[in-house]
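What follows is the content of run-v1.cif, which has mmCIF, C-alpha atoms:
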data_structure
loop_
_atom_site.label_atom_id
_atom_site.label_comp_id
_atom_site.auth_asym_id
_atom_site.auth_seq_id
_atom_site.Cartn_x
_atom_site.Cartn_y
_atom_site.Cartn_z
CA MET A 1 108.68 97.87 105.83
CA HIS A 2 110.18 96.53 109.07
CA GLN A 3 112.65 94.28 107.23
CA LEU A 4 113.97 97.13 105.10
CA PHE A 5 115.94 98.75 107.87
CA LEU A 6 117.15 95.46 109.37
CA SER A 7 119.58 95.24 106.44
CA PHE A 8 121.25 98.42 107.67
CA LEU A 9 121.70 97.19 111.25
CA PRO A 10 125.19 96.09 112.28
CA ALA A 11 125.66 92.44 113.09
CA VAL A 12 124.89 91.58 116.69
CA PRO A 13 127.72 89.61 118.32
CA ASP A 14 126.96 86.24 119.88
CA SER A 15 127.75 87.57 123.34
CA LEU A 16 125.09 90.25 122.91
CA HIS A 17 122.56 87.72 121.65
CA SER A 18 123.06 85.76 124.86
CA CYS A 19 122.14 88.91 126.75
CA ILE A 20 119.05 89.56 124.64
CA LYS A 21 117.68 86.04 124.62
CA MET A 22 117.64 84.16 127.91
CA GLU A 23 118.51 80.50 127.90
CA LYS A 24 115.43 78.29 127.67
CA PRO A 25 114.77 76.74 131.09
CA GLN A 26 115.25 72.99 131.31
CA ASP A 27 112.28 70.73 131.99
CA HIS A 28 112.78 68.82 135.19
CA ASN A 29 110.92 65.82 133.76
CA ASP A 30 113.39 65.34 130.92
CA GLN A 31 115.39 62.75 132.87
CA GLU A 32 114.39 59.80 135.00
CA PRO A 33 114.93 60.44 138.70
CA SER A 34 117.74 58.41 140.21
CA LYS A 35 116.38 55.93 142.73
CA SER A 36 118.08 54.53 145.77
CA PRO A 37 118.81 50.81 145.37
CA THR A 38 117.55 50.13 148.89
CA THR A 39 114.59 52.50 149.12
CA PRO A 40 111.98 52.05 146.38
CA ALA A 41 109.88 55.00 145.29
CA SER A 42 106.40 55.33 146.73
CA PRO A 43 103.76 53.76 144.47
CA THR A 44 101.54 56.85 144.95
CA CYS A 45 104.00 59.20 143.28
CA ALA A 46 102.44 60.96 140.24
CA SER A 47 105.62 62.75 139.29
CA SER A 48 109.27 62.22 139.92
CA THR A 49 109.53 65.80 141.07
CA SER A 50 106.60 65.77 143.50
CA VAL A 51 107.46 66.90 147.02
CA LYS A 52 105.31 64.04 148.38
CA CYS A 53 107.50 61.40 146.82
CA THR A 54 109.58 59.37 149.22
CA GLY A 55 112.01 58.42 146.45
CA SER A 56 115.02 60.57 145.77
CA THR A 57 114.83 63.02 142.89
CA SER A 58 117.41 64.85 140.81
CA PHE A 59 117.21 68.41 139.48
CA HIS A 60 119.35 70.37 137.10
CA PRO A 61 121.56 72.66 139.15
CA PRO A 62 120.57 76.34 139.09
CA PRO A 63 122.59 78.57 136.77
CA THR A 64 125.73 79.80 138.41
CA GLN A 65 125.71 83.05 136.43
CA SER A 66 122.96 85.59 135.82
CA PRO A 67 121.55 85.46 132.28
CA TRP A 68 122.02 89.24 132.10
CA SER A 69 125.55 90.26 131.28
CA GLU A 70 127.33 93.35 132.53
CA ILE A 71 126.94 94.98 129.10
CA SER A 72 123.18 94.90 129.29
CA PRO A 73 121.57 94.85 132.74
CA PRO A 74 117.76 94.60 132.77
CA SER A 75 117.26 98.23 133.77
CA THR A 76 119.29 99.69 130.89
CA TYR A 77 117.66 100.31 127.51
CA ARG A 78 119.63 99.08 124.52
CA PRO A 79 118.78 100.80 121.20
CA ILE A 80 120.62 98.24 119.08
CA ARG A 81 118.66 95.09 119.70
CA SER A 82 117.31 91.97 118.11
CA PRO A 83 114.60 92.53 115.51
CA ALA A 84 111.12 92.94 116.97
CA ILE A 85 109.22 89.68 117.28
CA ASN A 86 106.68 88.59 114.68
CA PRO A 87 106.79 91.48 112.20
CA PRO A 88 103.99 91.45 109.63
CA PRO A 89 104.73 89.61 106.38
CA ASN A 90 106.21 91.84 103.70
CA LYS A 91 106.81 89.90 100.52
CA ASN A 92 108.40 92.78 98.64
CA SER A 93 110.84 93.79 101.40
CA GLN A 94 113.76 92.33 99.45
CA ALA A 95 112.71 94.27 96.36
CA ILE A 96 112.54 97.47 98.42
CA MET A 97 116.04 96.93 99.78
CA LEU A 98 117.47 96.27 96.33
CA ALA A 99 115.64 99.17 94.69
CA PRO A 100 117.70 102.23 93.75
CA VAL A 101 117.46 105.31 95.92
CA PRO A 102 115.12 107.90 94.32
CA GLN A 103 117.00 110.84 92.80
CA SER A 104 116.15 114.52 92.71
CA GLN A 105 114.67 116.02 89.55
CA LYS A 106 114.10 119.51 88.31
CA VAL A 107 110.37 120.26 88.22
CA PHE A 108 108.84 120.48 84.75
CA THR A 109 107.27 123.95 84.56
CA ILE A 110 104.28 124.66 82.34
CA SER A 111 103.97 127.32 79.67
CA LEU A 112 101.08 129.80 79.58
CA PRO A 113 98.33 129.84 78.59
CA HIS A 114 97.65 126.39 80.06
CA PRO A 115 94.41 124.34 79.93
CA PHE A 116 93.80 123.67 83.64
CA GLN A 117 91.23 121.03 84.50
CA SER A 118 89.40 119.64 87.49
CA PRO A 119 91.47 116.68 88.79
CA SER A 120 89.98 113.22 89.28
CA LYS A 121 90.86 109.81 90.74
CA LYS A 122 92.44 107.27 88.39
CA ILE A 123 94.03 104.54 90.52
CA HIS A 124 91.86 101.51 91.30
CA SER A 125 94.16 98.46 91.05
CA PRO A 126 97.79 97.30 91.31
CA ASP A 127 98.05 97.59 87.52
CA ASP A 128 97.15 101.28 87.83
CA ILE A 129 99.83 101.67 90.49
CA ARG A 130 102.46 100.16 88.19
CA GLN A 131 101.38 102.47 85.41
CA PHE A 132 101.66 105.48 87.71
CA ILE A 133 105.05 104.52 89.20
CA ASN A 134 106.55 104.08 85.73
CA SER A 135 105.20 107.40 84.47
CA ASP A 136 107.18 110.64 84.11
CA SER A 137 104.64 112.37 86.38
CA SER A 138 105.39 110.00 89.27
CA LYS A 139 109.15 110.23 88.82
CA ASN A 140 109.10 114.02 88.65
CA PHE A 141 106.84 114.30 91.70
CA LEU A 142 109.08 111.97 93.74
CA GLY A 143 112.13 113.83 92.40
CA PHE A 144 110.58 117.05 93.76
CA ILE A 145 110.33 115.49 97.24
CA VAL A 146 113.97 114.32 97.01
CA SER A 147 114.98 117.86 96.00
CA LEU A 148 113.22 119.25 99.08
CA SER A 149 115.06 116.70 101.22
CA GLU A 150 118.43 117.63 99.70
CA SER A 151 117.77 121.37 100.11
CA ILE A 152 117.54 121.07 103.89
CA ARG A 153 120.50 118.69 104.28
CA SER A 154 122.71 119.54 107.29
CA HIS A 155 120.59 122.63 108.09
CA LYS A 156 118.71 123.48 111.26
CA THR A 157 115.12 124.64 111.07
CA SER A 158 116.06 128.08 112.42
CA ASP A 159 118.80 128.71 109.83
CA SER A 160 118.32 131.75 107.61
CA PHE A 161 116.99 131.02 104.12
CA HIS A 162 115.66 132.97 101.20
CA GLU A 163 111.97 133.61 101.90
CA SER A 164 109.90 134.91 99.01
CA THR A 165 106.71 136.90 99.45
CA THR A 166 104.75 133.89 98.21
CA LEU A 167 106.17 131.61 100.91
CA LYS A 168 105.39 134.16 103.59
CA LYS A 169 101.80 134.25 102.36
CA ILE A 170 101.57 130.44 102.47
CA VAL A 171 102.86 130.47 106.05
CA SER A 172 100.25 133.12 106.88
CA ILE A 173 97.51 130.90 105.41
CA ILE A 174 98.61 127.97 107.61
CA GLU A 175 98.69 130.23 110.66
CA THR A 176 95.10 131.24 109.85
CA LEU A 177 94.09 127.57 109.78
CA ILE A 178 95.75 127.08 113.17
CA GLN A 179 93.81 130.04 114.54
CA TRP A 180 90.54 128.43 113.42
CA THR A 181 91.17 125.54 115.85
CA GLU A 182 90.99 128.10 118.67
CA GLU A 183 87.73 129.50 117.30
CA ILE A 184 86.12 126.06 116.81
CA PRO A 185 86.47 124.13 120.10
CA PRO A 186 85.90 120.36 120.20
CA ALA A 187 82.37 119.18 120.89
CA GLN A 188 81.52 117.32 124.08
CA GLN A 189 80.96 113.70 123.04
CA SER A 190 81.42 110.19 124.37
CA SER A 191 83.43 108.92 121.41
CA ARG A 192 87.17 109.04 121.94
CA TYR A 193 88.14 109.48 118.28
CA GLY A 194 86.70 111.68 115.57
CA ASN A 195 85.35 114.83 117.20
CA ILE A 196 82.51 116.14 115.05
CA SER A 197 83.69 119.75 115.42
CA TYR A 198 86.42 118.88 112.94
CA ARG A 199 83.72 118.87 110.25
CA THR A 200 82.93 122.48 111.11
CA TRP A 201 86.62 123.33 110.81
CA HIS A 202 86.91 121.51 107.48
CA ASN A 203 83.74 123.10 106.11
CA ARG A 204 85.22 126.52 106.84
CA LEU A 205 88.38 125.42 105.00
CA VAL A 206 86.40 124.42 101.90
CA GLU A 207 84.30 127.60 101.96
CA ASN A 208 87.38 129.84 102.14
CA SER A 209 89.75 127.79 99.97
CA GLU A 210 89.41 129.94 96.83
CA SER A 211 89.94 133.20 98.70
CA LEU A 212 92.99 131.66 100.35
CA MET A 213 94.39 130.61 96.96
CA LEU A 214 93.86 134.12 95.57
CA GLN A 215 96.37 135.38 98.15
CA ILE A 216 99.22 133.54 96.44
CA LEU A 217 98.21 133.26 92.78
CA PRO A 218 99.11 135.96 90.23
CA GLU A 219 96.42 137.20 87.86
CA LEU A 220 97.53 134.95 84.97
CA LEU A 221 97.15 131.82 87.11
CA LYS A 222 93.79 132.44 88.75
CA SER A 223 92.20 129.95 86.37
CA SER A 224 94.33 127.22 88.02
CA MET A 225 92.11 127.24 91.11
CA VAL A 226 89.85 124.63 89.55
CA GLU A 227 92.81 122.23 89.65
CA ILE A 228 94.85 123.12 92.73
CA VAL A 229 92.03 123.74 95.26
CA PRO A 230 91.07 119.99 95.47
CA TYR A 231 94.69 119.11 96.40
CA PHE A 232 94.67 121.84 99.04
CA THR A 233 91.37 120.94 100.69
CA ASP A 234 92.33 117.24 100.81
CA SER A 235 95.65 117.99 102.54
CA PHE A 236 94.23 118.25 106.06
CA GLY A 237 92.19 115.08 106.50
CA ASN A 238 88.81 113.68 105.52
CA SER A 239 85.72 115.34 107.01
CA SER A 240 83.46 112.29 106.55
CA ARG A 241 85.75 109.77 108.27
CA ILE A 242 87.39 112.41 110.49
CA ASP A 243 90.79 110.89 109.84
CA TYR A 244 94.21 111.85 108.53
CA GLY A 245 97.17 109.91 107.14
CA THR A 246 100.09 109.81 104.74
CA GLY A 247 97.75 110.10 101.76
CA HIS A 248 96.59 113.54 102.93
CA GLU A 249 100.20 114.51 103.64
CA THR A 250 101.06 113.45 100.07
CA ASN A 251 98.26 115.69 98.78
CA PHE A 252 99.89 118.65 100.54
CA ALA A 253 103.19 117.78 98.85
CA ALA A 254 101.27 117.50 95.55
CA TRP A 255 99.76 120.96 96.11
CA LEU A 256 103.26 122.40 96.61
CA TYR A 257 104.43 120.50 93.52
CA CYS A 258 101.62 122.04 91.45
CA LEU A 259 102.68 125.51 92.64
CA ALA A 260 106.24 124.66 91.56
CA ARG A 261 105.02 123.46 88.16
CA MET A 262 103.27 126.81 87.66
CA GLY A 263 106.39 128.72 88.69
CA VAL A 264 104.76 130.17 91.82
CA ILE A 265 107.44 128.35 93.85
CA GLU A 266 111.01 128.30 92.53
CA GLU A 267 113.99 126.13 93.36
CA VAL A 268 115.55 128.91 95.42
CA ASP A 269 112.52 128.64 97.74
CA TYR A 270 112.99 124.95 98.56
CA GLN A 271 114.90 125.37 101.82
CA ALA A 272 112.32 127.76 103.26
CA LEU A 273 109.55 125.61 101.81
CA VAL A 274 110.66 122.83 104.16
CA SER A 275 111.83 124.83 107.20
CA ARG A 276 108.99 127.37 107.17
CA VAL A 277 105.99 126.07 105.22
CA PHE A 278 106.24 122.34 105.92
CA VAL A 279 107.21 122.79 109.58
CA ASN A 280 104.13 124.98 110.08
CA TYR A 281 101.99 122.43 108.24
CA ILE A 282 103.14 119.70 110.64
CA GLU A 283 102.39 122.00 113.59
CA LEU A 284 98.86 122.53 112.22
CA MET A 285 98.28 118.80 111.73
CA ARG A 286 99.43 117.96 115.26
CA LYS A 287 97.05 120.62 116.53
CA LEU A 288 94.17 119.07 114.58
CA GLN A 289 95.12 115.58 115.77
CA LEU A 290 95.10 116.64 119.41
CA VAL A 291 92.10 118.99 119.36
CA TYR A 292 89.75 116.88 117.21
CA ASN A 293 91.25 113.42 117.84
CA LEU A 294 91.62 112.56 114.15
CA GLU A 295 91.84 108.84 113.54
CA PRO A 296 94.90 107.51 111.69
CA ALA A 297 93.96 106.78 108.08
CA GLY A 298 95.34 103.45 106.90
CA SER A 299 97.78 103.08 109.80
CA HIS A 300 100.05 100.01 109.96
CA GLY A 301 99.68 100.05 113.75
CA VAL A 302 102.89 99.53 115.70
CA TRP A 303 104.56 98.22 112.54
CA GLY A 304 104.23 101.53 110.72
CA LEU A 305 106.73 104.36 110.81
CA ASP A 306 104.15 106.69 112.33
CA ASP A 307 100.35 106.79 112.61
CA TYR A 308 100.02 110.01 110.61
CA HIS A 309 103.22 111.23 108.93
CA PHE A 310 106.12 110.14 106.76
CA LEU A 311 107.69 113.18 105.07
CA PRO A 312 108.96 114.93 108.24
CA PHE A 313 111.09 111.83 108.92
CA ILE A 314 112.61 112.14 105.44
CA PHE A 315 113.30 115.87 105.74
CA GLY A 316 114.35 115.54 109.38
CA SER A 317 116.86 112.77 108.71
CA SER A 318 118.35 114.91 105.92
CA GLN A 319 118.81 117.77 108.39
CA LEU A 320 120.95 115.52 110.59
CA ILE A 321 123.24 114.15 107.88
CA ASN A 322 126.92 114.70 108.81
CA HIS A 323 126.03 116.02 112.26
CA LYS A 324 129.12 115.75 114.45
CA PHE A 325 127.43 114.51 117.60
CA MET A 326 123.87 113.37 116.97
CA LYS A 327 123.51 109.87 115.55
CA PRO A 328 120.36 107.81 114.90
CA LYS A 329 120.69 106.27 118.39
CA SER A 330 120.52 109.78 119.88
CA ILE A 331 116.72 109.62 119.79
CA HIS A 332 116.97 107.70 123.07
CA ASN A 333 118.77 110.58 124.79
CA GLU A 334 116.16 112.70 126.56
CA ASP A 335 118.51 115.68 126.93
CA ILE A 336 119.08 115.78 123.16
CA LEU A 337 115.35 115.53 122.47
CA GLU A 338 114.57 118.31 124.92
CA ASN A 339 117.20 120.72 123.62
CA PHE A 340 117.18 120.08 119.87
CA SER A 341 113.66 118.96 118.88
CA ASN A 342 112.81 122.52 117.81
CA GLU A 343 115.74 122.51 115.39
CA TYR A 344 115.39 119.08 113.78
CA MET A 345 112.11 117.66 112.46
CA TYR A 346 113.09 114.04 113.06
CA LEU A 347 113.66 114.69 116.77
CA SER A 348 110.43 116.68 116.90
CA CYS A 349 108.56 113.66 115.54
CA ILE A 350 110.08 111.42 118.21
CA VAL A 351 109.11 113.87 120.96
CA PHE A 352 105.52 114.04 119.71
CA ILE A 353 105.24 110.24 119.50
CA LYS A 354 106.52 109.87 123.06
CA LYS A 355 104.01 112.49 124.15
CA VAL A 356 100.94 110.77 122.68
CA LYS A 357 101.96 107.13 123.19
CA LYS A 358 102.61 105.42 126.49
CA GLY A 359 104.89 102.53 127.35
CA LEU A 360 108.29 101.46 126.10
CA PHE A 361 109.35 103.13 122.87
CA ALA A 362 110.55 99.79 121.47
CA GLU A 363 107.07 98.35 121.95
CA HIS A 364 104.87 101.08 120.49
CA SER A 365 107.36 102.17 117.77
CA PRO A 366 109.52 99.11 116.94
CA LEU A 367 110.40 100.29 113.43
CA LEU A 368 111.72 103.66 114.62
CA ASP A 369 113.56 101.80 117.37
CA ASP A 370 115.21 99.55 114.81
CA ILE A 371 116.14 102.57 112.67
CA SER A 372 118.00 103.99 115.67
CA GLY A 373 120.51 101.16 115.19
CA VAL A 374 121.43 102.33 111.67
CA PRO A 375 125.01 103.66 111.71
CA ASN A 376 124.44 107.08 110.08
CA TRP A 377 121.75 109.50 108.95
CA ASN A 378 122.64 109.19 105.28
CA LYS A 379 121.52 105.55 105.31
CA VAL A 380 118.41 106.46 107.27
CA ASN A 381 117.48 109.12 104.71
CA SER A 382 118.04 106.91 101.65
CA GLY A 383 116.14 104.05 103.28
CA LEU A 384 113.20 106.30 104.11
CA LEU A 385 113.00 107.58 100.54
CA LYS A 386 112.78 104.01 99.25
CA MET A 387 110.18 103.21 101.89
CA TYR A 388 108.10 106.25 100.93
CA ARG A 389 107.96 105.13 97.33
CA ALA A 390 107.10 101.54 98.28
CA GLU A 391 104.82 102.08 101.28
CA VAL A 392 102.97 105.23 100.16
CA LEU A 393 103.21 105.85 96.41
CA GLU A 394 102.88 102.16 95.53
CA LYS A 395 99.95 101.34 97.82
CA VAL A 396 96.46 101.17 96.29
CA PRO A 397 94.58 101.96 99.57
CA ILE A 398 96.49 105.25 99.79
CA MET A 399 96.86 106.27 96.16
CA GLN A 400 93.29 105.39 95.16
CA HIS A 401 92.36 108.81 96.55
CA PHE A 402 95.13 110.66 94.69
CA LEU A 403 94.06 113.18 92.04
CA PHE A 404 95.27 113.61 88.48
CA GLY A 405 94.78 116.60 86.20
CA SER A 406 96.90 118.64 83.81
CA LEU A 407 99.67 119.39 86.35
CA ILE A 408 100.03 115.81 87.59
CA GLN A 409 98.99 113.87 84.55
CA TRP A 410 97.63 110.36 84.26
CA GLU A 411 99.66 108.94 81.38
#
Could you write out this file's structure as structure tokens?
Amino acid sequence: MHQLFLSFLPAVPDSLHSCIKMEKPQDHNDQEPSKSPTTPASPTCASSTSVKCTGSTSFHPPPTQSPWSEISPPSTYRPIRSPAINPPPNKNSQAIMLAPVPQSQKVFTISLPHPFQSPSKKIHSPDDIRQFINSDSSKNFLGFIVSLSESIRSHKTSDSFHESTTLKKIVSIIETLIQWTEEIPPAQQSSRYGNISYRTWHNRLVENSESLMLQILPELLKSSMVEIVPYFTDSFGNSSRIDYGTGHETNFAAWLYCLARMGVIEEVDYQALVSRVFVNYIELMRKLQLVYNLEPAGSHGVWGLDDYHFLPFIFGSSQLINHKFMKPKSIHNEDILENFSNEYMYLSCIVFIKKVKKGLFAEHSPLLDDISGVPNWNKVNSGLLKMYRAEVLEKVPIMQHFLFGSLIQWE
């Protein structure tokens, strides 16, 4: 994953490399000390450089110029830098870079009456992953995500969009879930991660899931609850492990995709689906992460894009495409983050990461730091889409929990 974005980085000139990498210090024992012809060295000398030696010694002269150049003094942060040291091995990084950028697709809508069914898990091996990725279901689902990304391109979160009654009801449901975090405070416990009160919150979610679905489903589609409720309840983390990750986020996208397949959500709703529904979903998940200390599910550690999320980076980078002033390197400008994080999801993600993680940004988020050296947001967005397919949809540990039914079929 780390190597994918290195291909987008501009070449670093030799002069800049000399600023990044200090010259290796010379070993003083590399050369024999020069001895005076008249004064032999003391026989007790253990080293030619010992201060107790009576014989003369020679040292390499100190450098006459500081290893730091004027372009890059030690106190100044440089977003375009050498690749982070020792990235994890990624054998398919070349394949990811050469892969085509996923394209948007129109969602295949169902015809009524439709035989809805309880979804189940189907992926258990890499062969299953290959079967899924090559299926029409996978391509249409990923095409739906690309369509959402394209719908919000060059738009701020606060821009006016068409908001249907259904979308307003979905936003209201998410606001209800946020309110539950106020009603269910975290338990006092010694463990840092995984507050057990999250299970109480999740149990309330499961108990009320059908009534919540009835708020948005028309009469003819009420029978679909058997299929869409499992996607919904698995969109906010796992109550047994008390964790959350990109697999749960993908389930939320799958739930929205199922609503689109049933015609509950239409293409005209896509902009508001991202700027209203998805933005509120991310707000809810950050609340759950902070209140109940959810553990990251399947995190790549510092080598991952983020401990919990992926899609807001895709949608957020699309928002910034063709922006006149803000470039990928602008994430290092604190004034920009402070003034525009409410308008652009990508900047909001950076602000949240800096809030919950301490230390240098380049150390705790090296991949995002490398992405900041990409020349434009269009390349960032296309690279993230390829990464999402490769690092989420093609990973067995994530997709083994994914559900298949009649709306997302296992072919």
Original post:
If you count only C-alpha atoms, which residues fall within 8 Å of Trp201 of chain A, apart from same-chain ones fewer than 3 positions away, as a PyMOL selection string?
Top reply: chain A and resi 180-181+184+197-198+204-205
Restrict the selected residues to C-alpha atoms and save them as a compact mmCIF listing (two decimals), in the frame of the given file.
# COMPACT_ATOMS: atom_id res chain seq x y z
CA TRP A 180 90.54 128.43 113.42
CA THR A 181 91.17 125.54 115.85
CA ILE A 184 86.12 126.06 116.81
CA SER A 197 83.69 119.75 115.42
CA TYR A 198 86.42 118.88 112.94
CA ARG A 204 85.22 126.52 106.84
CA LEU A 205 88.38 125.42 105.00
Neighbour residues at most 9 Å from (99.9, 118.6, 106.2) (all atoms listed in the file) as a tab-separated table (two decimals) with C-alpha atoms, in the frame of the given file:
chain	number	residue	atom	x	y	z
A	235	SER	CA	95.65	117.99	102.54
A	236	PHE	CA	94.23	118.25	106.06
A	237	GLY	CA	92.19	115.08	106.50
A	246	THR	CA	100.09	109.81	104.74
A	248	HIS	CA	96.59	113.54	102.93
A	249	GLU	CA	100.20	114.51	103.64
A	250	THR	CA	101.06	113.45	100.07
A	251	ASN	CA	98.26	115.69	98.78
A	252	PHE	CA	99.89	118.65	100.54
A	253	ALA	CA	103.19	117.78	98.85
A	278	PHE	CA	106.24	122.34	105.92
A	280	ASN	CA	104.13	124.98	110.08
A	281	TYR	CA	101.99	122.43	108.24
A	282	ILE	CA	103.14	119.70	110.64
A	283	GLU	CA	102.39	122.00	113.59
A	284	LEU	CA	98.86	122.53	112.22
A	285	MET	CA	98.28	118.80	111.73
A	309	HIS	CA	103.22	111.23	108.93
Subject >> Result set, the PyMOL selection byres ((chain A and resi 193) around 12) on current file, as a PyMOL selection string >> reply: chain A and resi 186-192+194-198+241-244+288-296
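For Lys139 of chain A, the residues within 9 Å (counting all atoms listed in the file, excluding itself and residues fewer than 4 positions away along the chain) are A:Pro102, A:Gln103, A:Gln105, A:Phe132, A:Ile133, A:Asn134, A:Ser135, A:Gly143, A:Phe144.
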**OP:** Name every residue that the PyMOL selection byres ((chain A and resi 399-401) around 7) selects in this structure, writing the answer as number ranges by chain with chains first and numbers rising.
**Re:** A: 121, 123-124, 247, 393, 395-398, 402-403
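The residue that comes closest to Phe313 of chain A, out of A:Ser149, A:Gln409, A:Ser125, A:Thr109 and on the basis of all atoms listed in the file, is A:Ser149.
Residues with any atom within 9 Å of Ser158 of chain A, counting all atoms listed in the file and excluding same-chain neighbours fewer than 3 positions away, are His155, Phe161, Ser275, Arg276, Asn342 and Glu343 of chain A.
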Could you turn the residues from that selection into a file that holds C-alpha atoms, as a CSV table (one decimal), keeping the file's coordinate frame?
chain,number,residue,atom,x,y,z
A,155,HIS,CA,120.6,122.6,108.1
A,161,PHE,CA,117.0,131.0,104.1
A,275,SER,CA,111.8,124.8,107.2
A,276,ARG,CA,109.0,127.4,107.2
A,342,ASN,CA,112.8,122.5,117.8
A,343,GLU,CA,115.7,122.5,115.4
**OP:** For atom CA of Glu210 of chain A and atom CA of Ser406 of chain A, determine how far apart the two atoms are, in Å to one decimal place.
**Re:** 18.8 Å
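Look at Phe361 of chain A: the protein and nucleic acid residues within 10 Å of it, using all atoms listed in the file and passing over chain neighbours fewer than 4 places away, are Tyr77, Pro79, His332, Ile350, Ile353, Lys354, Lys357, Ser365, Pro366, Leu367, Leu368 and Asp369 of chain A.
With all atoms listed in the file as the basis for measurement, A:Ile129 is the residue among A:Leu273, A:Ile129, A:Leu112, A:Val171 that approaches Val392 of chain A most closely.
Using only C-alpha atoms, the residues found no farther than 10 Å from Val268 of chain A, other than those of its own chain fewer than 6 positions away, are Ser151, Phe161, His162, Glu163 and Ser164 of chain A.
From atom CA of Lys355 of chain A back to atom CA of Leu320 of chain A, the distance works out to 21.9 Å.
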Can you put N, CA, C and O atoms back into segment 159-172 of chain A and show it as a compact mmCIF listing (two decimals), in the coordinates of the input?
# COMPACT_ATOMS: atom_id res chain seq x y z
N ASP A 159 117.82 128.06 110.70
CA ASP A 159 118.80 128.71 109.83
C ASP A 159 118.11 129.71 108.91
O ASP A 159 116.95 129.56 108.56
N SER A 160 118.85 130.72 108.51
CA SER A 160 118.32 131.75 107.61
C SER A 160 118.30 131.25 106.17
O SER A 160 119.30 130.71 105.68
N PHE A 161 117.15 131.41 105.51
CA PHE A 161 116.99 131.02 104.12
C PHE A 161 116.31 132.14 103.35
O PHE A 161 115.70 133.04 103.94
N HIS A 162 116.41 132.04 102.04
CA HIS A 162 115.66 132.97 101.20
C HIS A 162 114.17 132.71 101.37
O HIS A 162 113.70 131.58 101.21
N GLU A 163 113.41 133.74 101.73
CA GLU A 163 111.97 133.61 101.90
C GLU A 163 111.27 134.58 100.96
O GLU A 163 111.31 135.79 101.18
N SER A 164 110.63 134.06 99.95
CA SER A 164 109.90 134.91 99.01
C SER A 164 108.59 135.39 99.62
O SER A 164 108.11 134.86 100.63
N THR A 165 108.01 136.39 99.00
CA THR A 165 106.71 136.90 99.45
C THR A 165 105.65 135.82 99.39
O THR A 165 104.79 135.72 100.27
N THR A 166 105.72 134.98 98.36
CA THR A 166 104.75 133.89 98.21
C THR A 166 104.82 132.93 99.38
O THR A 166 103.78 132.52 99.94
N LEU A 167 106.03 132.55 99.79
CA LEU A 167 106.17 131.61 100.91
C LEU A 167 105.66 132.22 102.20
O LEU A 167 105.04 131.53 103.02
N LYS A 168 105.90 133.49 102.39
CA LYS A 168 105.39 134.16 103.59
C LYS A 168 103.88 134.15 103.61
O LYS A 168 103.26 134.00 104.67
N LYS A 169 103.25 134.30 102.44
CA LYS A 169 101.80 134.25 102.36
C LYS A 169 101.27 132.84 102.65
O LYS A 169 100.22 132.69 103.29
N ILE A 170 101.99 131.81 102.19
CA ILE A 170 101.57 130.44 102.47
C ILE A 170 101.65 130.16 103.97
O ILE A 170 100.74 129.56 104.56
N VAL A 171 102.73 130.62 104.60
CA VAL A 171 102.86 130.47 106.05
C VAL A 171 101.72 131.18 106.76
O VAL A 171 101.14 130.67 107.73
N SER A 172 101.36 132.36 106.28
CA SER A 172 100.25 133.12 106.88
C SER A 172 98.93 132.36 106.74
O SER A 172 98.11 132.36 107.67
